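So the structure is just underneath, and the comments pick up after that.
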Amino acid sequence: MNKLIALLMAASFLAACSDATEKKPEEIRPVRVITIGESAALRTVSYAAEVRPRHEVRLAFRVGGKILERLVEVGSVVRAGQPIARLDAADLALAAASAKAQAASLETERNLAAAELKRYRDLREKNFISQAEFDRRSSSLEAAGAKLDAAQAVFRQSANQAGYAQLVADSAGVITAIEAEAGQVVAAGQTVARLARRGEIEVAFAVPEVQRPLVESARDLAVTLNALPGKQWKAKLRELSPAADPVSRTYAVRATILGAGDDIELGMSARVAVSAAGAGPQLEVPLAALFSRGDLPQVFLVDGDGVVQARQVKTAGISGERVVIESGLKAGDVVVAAGAALLRSGQRVRILQGK
């Protein structure tokens with residue numbers, strides 16, 4: 001009897017262990033799907049940009065020296081010819097004075113040579129001196145005149161350099177940057193300030209190589225500013241750099257803002273939406289349908305049995321809140337529209353109906 005009871009207990013224990021080791025049924029996740037269809041919508045890509053002037057000049061002294069004073073600040077509105085900064089011109093003034101004195105000395109020598117030549121001409125007419133002596137005196141006058149011309153040129157150059165001690169704006173505009181301060185010693189040509197000339201206002205942004213054709217064939221460019229919500233301006237492509245930046249490997253783009261008013265200030269952050277008509281119908285999926293588990297973006301396809309499989313795709317820009325698919329999908333494919341990051345290949349799903 002005891003043996004029978006022991007056998008029954010052992011059998012019950014084994015049955016319990018067998019139930020515990022049984023695998024739980026796989027969870028079937030509910031998902032929403034979309035069926036891929038062709039769209040003829042415009043292809044649109046958005047870029048971060050900055051408001052910049054069409055013409056920006058780096059102002060610099062033509063001569064080197066120590067800056068005595070700076071007369072403008074960032075944001076100062078200046079007119080043509082307005083002083084920007086001044087150098088210590090003491091040495092330049094001394095050089096100009098020395099050149100002036102040298103020119104005056106040579107002018108005296110030239111006048112003396114001219115007077116002597118006049119006397120020797122009279123003597124030559126009376127045949128009191130030889131022709132060789134007269135020619136020597138004539139050459140002396142010509143040499144004195146040449147030396148005087150050279151000295152006067154040096155004087156004019158020195159006077160100009162003394163005038164270069166004051167840096168002036170060559171046109172009206174706004175000071176956008178200051179790169180030197182009073183007391184600093186600067187070399188000739190070293191930037192002291194940057195001046196944005198009045199006129200056209202642009203947005204500057206960069207595009208990757210694969211999107212250059214989109215920008216080149218752009219049908220519309222729309223500019224929005226973070227500081228002025230609710231407003232939008234049209235823009236016209238002006239410049240697309242032919243060479244990539246060596247660091248970012250992107251291409252610089254400039255677009256002119258059409259109808260820009262005084263409310264648009266330099267340096268504002270902006271976004272540029274570039275739209276271009278595609279060569280034909282295109283495939284699009286929602287942004288939430290994409291996920292990445294490698295170098296390329298992927299989506300999950302749902303087969304007829306309700307099983308998902310990952311598929312790599314190649315994107316070609318953004319159209320509103322949807323991503324344009326260049327390759328990897330075809331019309332009629334059923335794609336998981338949301339929650340793709342929580343799935344794995346081979347997993348069974350349940351398709352939710354309705355919105």
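To be explicit about the labels: the chains of the structure tokens are called A, B, and onward in the order shown, and within each one the residues are counted from 1, while ligands get numbers from 1 in the order they are shown.
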Write out as a compact mmCIF listing (two decimals) with all heavy atoms, in the first residue's frame each polymer residue whose atoms come within 6 Å of region 195-209 of chain A, counting only C-alpha atoms; drop sequence neighbours fewer than 5 positions from it.
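Done, and the output landed in part-v5.txt:
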# COMPACT_ATOMS: atom_id res chain seq x y z
N ALA A 49 18.88 76.43 -41.79
CA ALA A 49 19.58 77.50 -42.50
C ALA A 49 19.80 78.69 -41.58
O ALA A 49 19.33 78.72 -40.44
CB ALA A 49 18.77 77.93 -43.73
N GLU A 50 20.53 79.68 -42.09
CA GLU A 50 20.81 80.90 -41.35
C GLU A 50 20.65 82.08 -42.29
O GLU A 50 21.04 82.01 -43.46
CB GLU A 50 22.24 80.88 -40.79
CG GLU A 50 22.61 82.14 -40.01
CD GLU A 50 24.06 82.15 -39.59
OE1 GLU A 50 24.78 81.18 -39.91
OE2 GLU A 50 24.49 83.13 -38.94
N VAL A 51 20.06 83.17 -41.78
CA VAL A 51 19.88 84.38 -42.57
C VAL A 51 21.23 85.09 -42.67
O VAL A 51 21.87 85.40 -41.67
CB VAL A 51 18.83 85.30 -41.93
CG1 VAL A 51 18.70 86.60 -42.74
CG2 VAL A 51 17.49 84.60 -41.85
N ARG A 52 21.65 85.36 -43.92
CA ARG A 52 22.94 86.01 -44.16
C ARG A 52 22.76 87.13 -45.19
O ARG A 52 21.84 87.10 -46.00
CB ARG A 52 23.95 84.99 -44.71
CG ARG A 52 24.21 83.80 -43.79
CD ARG A 52 24.99 84.20 -42.56
NE ARG A 52 26.29 84.73 -42.89
CZ ARG A 52 27.37 83.97 -43.09
NH1 ARG A 52 27.28 82.64 -43.00
NH2 ARG A 52 28.53 84.52 -43.36
N PRO A 53 23.66 88.12 -45.18
CA PRO A 53 23.60 89.17 -46.22
C PRO A 53 24.15 88.64 -47.54
O PRO A 53 24.97 87.72 -47.58
CB PRO A 53 24.48 90.27 -45.66
CG PRO A 53 25.47 89.54 -44.80
CD PRO A 53 24.72 88.37 -44.20
N ARG A 54 23.68 89.22 -48.64
CA ARG A 54 24.20 88.84 -49.96
C ARG A 54 25.67 89.25 -50.08
O ARG A 54 26.50 88.50 -50.57
CB ARG A 54 23.36 89.52 -51.04
CG ARG A 54 23.95 89.45 -52.45
CD ARG A 54 23.87 88.08 -53.05
NE ARG A 54 24.50 88.00 -54.35
CZ ARG A 54 23.91 88.27 -55.50
NH1 ARG A 54 22.65 88.68 -55.51
NH2 ARG A 54 24.54 88.13 -56.65
N HIS A 55 25.99 90.44 -49.61
CA HIS A 55 27.36 90.94 -49.68
C HIS A 55 27.85 91.28 -48.28
O HIS A 55 27.24 92.09 -47.58
CB HIS A 55 27.45 92.20 -50.56
CG HIS A 55 26.97 91.98 -51.96
ND1 HIS A 55 27.69 91.28 -52.89
CD2 HIS A 55 25.82 92.38 -52.58
CE1 HIS A 55 27.02 91.25 -54.04
NE2 HIS A 55 25.89 91.91 -53.87
N GLU A 56 28.94 90.66 -47.87
CA GLU A 56 29.55 90.92 -46.56
C GLU A 56 31.03 91.18 -46.77
O GLU A 56 31.75 90.37 -47.36
CB GLU A 56 29.35 89.74 -45.63
CG GLU A 56 29.79 90.01 -44.20
CD GLU A 56 29.42 88.88 -43.26
OE1 GLU A 56 29.28 87.74 -43.74
OE2 GLU A 56 29.29 89.13 -42.06
N VAL A 57 31.50 92.35 -46.32
CA VAL A 57 32.87 92.81 -46.57
C VAL A 57 33.66 92.74 -45.28
O VAL A 57 33.18 93.14 -44.21
CB VAL A 57 32.87 94.25 -47.11
CG1 VAL A 57 34.30 94.71 -47.41
CG2 VAL A 57 32.01 94.35 -48.36
N GLY A 173 25.81 100.11 -44.51
CA GLY A 173 25.47 98.75 -44.10
C GLY A 173 25.41 98.63 -42.60
O GLY A 173 25.27 99.62 -41.87
N VAL A 174 25.52 97.38 -42.14
CA VAL A 174 25.44 97.06 -40.72
C VAL A 174 26.69 96.28 -40.31
O VAL A 174 27.12 95.37 -41.03
CB VAL A 174 24.18 96.22 -40.41
CG1 VAL A 174 24.11 95.87 -38.93
CG2 VAL A 174 22.92 96.96 -40.83
N ILE A 175 27.28 96.64 -39.18
CA ILE A 175 28.44 95.91 -38.66
C ILE A 175 27.96 94.59 -38.06
O ILE A 175 27.14 94.58 -37.14
CB ILE A 175 29.19 96.75 -37.60
CG1 ILE A 175 29.68 98.07 -38.20
CG2 ILE A 175 30.36 95.96 -37.04
CD1 ILE A 175 30.66 97.93 -39.33
N THR A 176 28.45 93.49 -38.59
CA THR A 176 28.01 92.17 -38.12
C THR A 176 29.01 91.50 -37.20
O THR A 176 28.65 90.55 -36.51
CB THR A 176 27.75 91.25 -39.32
OG1 THR A 176 28.95 91.12 -40.11
CG2 THR A 176 26.65 91.81 -40.21
N THR A 250 29.47 68.28 -47.42
CA THR A 250 28.21 68.82 -47.92
C THR A 250 28.50 70.00 -48.83
O THR A 250 29.60 70.54 -48.84
CB THR A 250 27.30 69.27 -46.76
OG1 THR A 250 27.99 70.24 -45.97
CG2 THR A 250 26.90 68.08 -45.89
N TYR A 251 27.48 70.41 -49.58
CA TYR A 251 27.63 71.48 -50.56
C TYR A 251 26.89 72.73 -50.07
O TYR A 251 25.72 72.66 -49.69
CB TYR A 251 27.08 71.05 -51.91
CG TYR A 251 27.90 69.95 -52.56
CD1 TYR A 251 27.76 68.63 -52.15
CD2 TYR A 251 28.85 70.23 -53.54
CE1 TYR A 251 28.52 67.61 -52.73
CE2 TYR A 251 29.61 69.23 -54.11
CZ TYR A 251 29.45 67.92 -53.70
OH TYR A 251 30.20 66.92 -54.26
N ALA A 252 27.58 73.87 -50.08
CA ALA A 252 27.00 75.12 -49.61
C ALA A 252 26.01 75.66 -50.63
O ALA A 252 26.27 75.64 -51.84
CB ALA A 252 28.10 76.15 -49.35
N VAL A 253 24.88 76.14 -50.12
CA VAL A 253 23.81 76.67 -50.97
C VAL A 253 23.42 78.05 -50.45
O VAL A 253 23.36 78.29 -49.25
CB VAL A 253 22.58 75.75 -50.97
CG1 VAL A 253 21.50 76.30 -51.91
CG2 VAL A 253 22.96 74.34 -51.38
N ARG A 254 23.15 78.97 -51.38
CA ARG A 254 22.65 80.31 -51.05
C ARG A 254 21.36 80.53 -51.83
O ARG A 254 21.32 80.29 -53.05
CB ARG A 254 23.67 81.37 -51.42
CG ARG A 254 24.92 81.37 -50.53
CD ARG A 254 24.71 82.29 -49.36
NE ARG A 254 25.94 82.51 -48.62
CZ ARG A 254 26.22 83.63 -47.97
NH1 ARG A 254 25.37 84.62 -47.97
NH2 ARG A 254 27.34 83.75 -47.30
N ALA A 255 20.34 81.02 -51.14
CA ALA A 255 19.06 81.33 -51.78
C ALA A 255 18.61 82.71 -51.33
O ALA A 255 18.67 83.04 -50.15
CB ALA A 255 18.01 80.29 -51.42
N THR A 256 18.16 83.53 -52.29
CA THR A 256 17.71 84.89 -52.01
C THR A 256 16.28 84.88 -51.51
O THR A 256 15.40 84.27 -52.14
CB THR A 256 17.82 85.76 -53.27
OG1 THR A 256 19.17 85.75 -53.74
CG2 THR A 256 17.40 87.19 -52.98
N ILE A 257 16.01 85.56 -50.39
CA ILE A 257 14.65 85.67 -49.85
C ILE A 257 13.93 86.76 -50.63
O ILE A 257 14.36 87.91 -50.69
CB ILE A 257 14.67 86.01 -48.35
CG1 ILE A 257 15.43 84.94 -47.58
CG2 ILE A 257 13.26 86.14 -47.82
CD1 ILE A 257 15.55 85.23 -46.10
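All residues of protein, DNA or RNA that reach within 12 Å of Gln211 (chain A), judged by only C-alpha atoms and not counting those fewer than 2 positions away in the chain, are Arg43, Thr44, Val45, Ser46, Tyr47, Ala206, Val207, Pro208, Glu209, Pro213, Leu214, Val215, Glu216, Ser217, Ala218, Leu240, Thr250, Tyr251, Val253, Val274, Ser275, Ala276, Thr315, Ala316, Gly317 and Ile318 of chain A.
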Find the residues of region 240-315 of chain A that sit at most 6 Å from region 325-341 of chain A; for each, write down the nearest two atoms and how far apart they are in Å, to one decimal. Count only C-alpha atoms. Sort by chain, then by number going up, and give it as CSV.
residue,atom,partner,partner_atom,distance
A:Leu283,CA,A:Ile325,CA,5.4
A:Glu284,CA,A:Ile325,CA,5.6
A:Ala288,CA,A:Ala338,CA,5.2
A:Ala289,CA,A:Ala337,CA,4.6
A:Phe300,CA,A:Val336,CA,5.6
A:Leu301,CA,A:Val335,CA,4.6
A:Val302,CA,A:Val334,CA,5.5
A:Val313,CA,A:Gly328,CA,4.4
A:Lys314,CA,A:Ser327,CA,5.2
A:Thr315,CA,A:Ile325,CA,4.5
All residues 9 Å or closer to Ile178 (chain A), only C-alpha atoms, same chain fewer than 2 positions away omitted, as a PyMOL selection string: chain A and resi 72-74+175-176+180-181+191-194
Leu258 (chain A) environment, 7 Å, only C-alpha atoms, sequence neighbours closer than 2 positions dropped, as a ChimeraX atom specification: /A:233-235,256,260
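Among the candidates A:Ala244, A:Leu141, A:Leu59, A:Ala97, the residue lying nearest to Glu109 (chain A) is A:Leu141 (atoms considered: only C-alpha atoms).
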All helix (DSSP H, G or I) positions in region 70-193 of chain A, as an MDAnalysis selection string: chainID A and resid 90:125 131:163
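The space between CA of Asp263 (chain A) and CA of Val77 (chain A) spans 15.6 Å.
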